[in-house]
$ cat input_29.pdb   # PDB, C-alpha atoms
MODEL        1
ATOM      1  CA  MET A  17     123.376 -18.916-139.872  1.00  0.00           C
ATOM      2  CA  ASN A  18     121.621 -22.248-140.469  1.00  0.00           C
ATOM      3  CA  LYS A  19     118.964 -23.217-137.961  1.00  0.00           C
ATOM      4  CA  PHE A  20     117.637 -26.389-139.618  1.00  0.00           C
ATOM      5  CA  ARG A  21     118.603 -30.032-139.198  1.00  0.00           C
ATOM      6  CA  GLU A  22     118.129 -33.156-141.337  1.00  0.00           C
ATOM      7  CA  GLY A  23     114.735 -34.785-140.822  1.00  0.00           C
ATOM      8  CA  GLU A  24     113.131 -31.602-139.486  1.00  0.00           C
ATOM      9  CA  TYR A  25     109.672 -30.546-140.705  1.00  0.00           C
ATOM     10  CA  PHE A  26     109.021 -26.894-141.575  1.00  0.00           C
ATOM     11  CA  ILE A  27     106.628 -24.607-143.448  1.00  0.00           C
ATOM     12  CA  TYR A  28     107.636 -23.501-146.943  1.00  0.00           C
ATOM     13  CA  LYS A  29     106.203 -20.191-148.153  1.00  0.00           C
ATOM     14  CA  ASN A  30     106.026 -19.689-151.908  1.00  0.00           C
ATOM     15  CA  GLY A  31     104.116 -16.472-152.610  1.00  0.00           C
ATOM     16  CA  ASP A  32     100.594 -16.976-151.238  1.00  0.00           C
ATOM     17  CA  SER A  33     101.055 -20.759-151.011  1.00  0.00           C
ATOM     18  CA  TYR A  34     102.262 -22.755-147.990  1.00  0.00           C
ATOM     19  CA  GLU A  35     103.499 -26.360-147.864  1.00  0.00           C
ATOM     20  CA  ILE A  36     104.888 -28.709-145.248  1.00  0.00           C
ATOM     21  CA  GLY A  37     108.429 -29.765-146.080  1.00  0.00           C
ATOM     22  CA  LYS A  38     111.015 -32.102-144.579  1.00  0.00           C
ATOM     23  CA  VAL A  39     114.766 -31.431-144.675  1.00  0.00           C
ATOM     24  CA  LYS A  40     116.781 -34.089-146.493  1.00  0.00           C
ATOM     25  CA  LYS A  41     120.186 -32.348-146.541  1.00  0.00           C
ATOM     26  CA  VAL A  42     121.449 -29.034-145.158  1.00  0.00           C
ATOM     27  CA  CYS A  43     123.731 -26.874-147.371  1.00  0.00           C
ATOM     28  CA  GLU A  44     125.379 -23.456-146.926  1.00  0.00           C
ATOM     29  CA  ASP A  45     122.681 -21.542-148.787  1.00  0.00           C
ATOM     30  CA  GLY A  46     119.585 -23.660-148.119  1.00  0.00           C
ATOM     31  CA  CYS A  47     118.386 -27.232-147.853  1.00  0.00           C
ATOM     32  CA  PHE A  48     117.367 -30.050-150.136  1.00  0.00           C
ATOM     33  CA  CYS A  49     113.806 -30.789-149.007  1.00  0.00           C
ATOM     34  CA  TYR A  50     110.967 -33.203-149.580  1.00  0.00           C
ATOM     35  CA  TYR A  51     107.494 -31.820-150.380  1.00  0.00           C
ATOM     36  CA  HIS A  52     105.866 -35.067-151.539  1.00  0.00           C
ATOM     37  CA  THR A  53     106.031 -38.820-150.993  1.00  0.00           C
ATOM     38  CA  GLY A  54     108.578 -39.390-153.769  1.00  0.00           C
ATOM     39  CA  SER A  55     112.345 -39.539-153.296  1.00  0.00           C
ATOM     40  CA  THR A  56     113.173 -36.314-155.190  1.00  0.00           C
ATOM     41  CA  ALA A  57     114.260 -33.354-153.056  1.00  0.00           C
ATOM     42  CA  ALA A  58     114.116 -29.696-154.116  1.00  0.00           C
ATOM     43  CA  LYS A  59     116.713 -27.068-153.188  1.00  0.00           C
ATOM     44  CA  THR A  60     115.038 -24.469-150.976  1.00  0.00           C
ATOM     45  CA  PRO A  61     116.595 -21.195-149.730  1.00  0.00           C
ATOM     46  CA  PHE A  62     116.544 -20.579-145.971  1.00  0.00           C
ATOM     47  CA  ASP A  63     114.496 -17.386-146.323  1.00  0.00           C
ATOM     48  CA  CYS A  64     111.503 -19.416-147.606  1.00  0.00           C
ATOM     49  CA  MET A  65     111.704 -21.951-144.745  1.00  0.00           C
ATOM     50  CA  HIS A  66     109.925 -21.287-141.467  1.00  0.00           C
ATOM     51  CA  LYS A  67     110.425 -23.222-138.229  1.00  0.00           C
ATOM     52  CA  LEU A  68     107.494 -24.960-136.544  1.00  0.00           C
ATOM     53  CA  LYS A  69     107.201 -24.398-132.793  1.00  0.00           C
ATOM     54  CA  ASN A  70     105.175 -27.591-132.423  1.00  0.00           C
ATOM     55  CA  GLU A  71     107.059 -29.874-134.828  1.00  0.00           C
ATOM     56  CA  TYR A  72     106.881 -32.590-132.163  1.00  0.00           C
ATOM     57  CA  VAL A  73     103.205 -33.227-133.026  1.00  0.00           C
ATOM     58  CA  LEU A  74     104.233 -34.413-136.509  1.00  0.00           C
ATOM     59  CA  HIS A  75     105.805 -37.806-137.077  1.00  0.00           C
ATOM     60  CA  ASP A  76     107.126 -39.916-139.937  1.00  0.00           C
ATOM     61  CA  SER A  77     103.678 -41.249-140.862  1.00  0.00           C
ATOM     62  CA  ILE A  78     103.306 -38.059-142.951  1.00  0.00           C
ATOM     63  CA  GLY A  79     105.398 -39.871-145.560  1.00  0.00           C
ATOM     64  CA  LEU A  80     107.367 -36.986-147.063  1.00  0.00           C
ATOM     65  CA  GLY A  81     110.362 -38.363-148.914  1.00  0.00           C
ATOM     66  CA  GLY A  82     108.858 -41.843-149.229  1.00  0.00           C
ATOM     67  CA  LEU A  83     108.844 -44.554-146.608  1.00  0.00           C
ATOM     68  CA  GLN A  84     111.570 -44.106-144.040  1.00  0.00           C
TER      69      GLN A  84
ENDMDL
END
$ encode --input "input_29.pdb" --output "structure tokens"
Amino acid sequence: MNKFREGEYFIYKNGDSYEIGKVKKVCEDGCFCYYHTGSTAAKTPFDCMHKLKNEYVLHDSIGLGGLQ
């Protein structure tokens, strides 16, 4: 069951590496997500995406996905 929404920030775990991501589009098997300031989104499976309890402290000045 999907628990993410468009525009939501999350932590992406890739092996020993962690990145902040932002959901662009939700799909059945994952999300297209921004990990940089460009407009290209990468397909990410749900099992690599981790919710942030304090997402509210982040805001759009982070700039993921370019200027909003």
$ closest_residue --input "input_29.pdb" --among "A:Ala58, A:Leu74, A:Val42, A:Cys64" --to "Tyr25 (chain A)" --atoms "only C-alpha atoms"
A:Leu74
$ atom_distance --input "input_29.pdb" --atom1 "CA of Glu44 (chain A)" --atom2 "CA of Tyr28 (chain A)"
17.7 Å
$ resolve_selection --input "input_29.pdb" --expression "the PyMOL selection byres ((chain A and resi 56) around 12)" --output "PyMOL selection string"
chain A and resi 38-41+48-55+57-59+80-82
$ closest_residue --input "input_29.pdb" --among "A:Gly46, A:Phe20, A:Gly31, A:Phe26" --to "Lys69 (chain A)" --atoms "all atoms listed in the file"
A:Phe26
$ atom_distance --input "input_29.pdb" --atom1 "CA of Lys29 (chain A)" --atom2 "CA of His66 (chain A)"
7.7 Å
$ atom_distance --input "input_29.pdb" --atom1 "CA of Asn70 (chain A)" --atom2 "CA of Asp45 (chain A)"
24.7 Å
$ axis_aligned_box --input "input_29.pdb" --around "region 33-38 of chain A" --padding-each-side "8 Å" --output "lines of an AutoDock Vina configuration file"
center_x = 106.0
center_y = -26.4
center_z = -147.8
size_x = 26.0
size_y = 27.3
size_z = 22.4
$ closest_residue --input "input_29.pdb" --among "A:Cys47, A:Glu22, A:Ile36, A:Asn30" --to "Gly79 (chain A)" --atoms "all atoms listed in the file"
A:Ile36
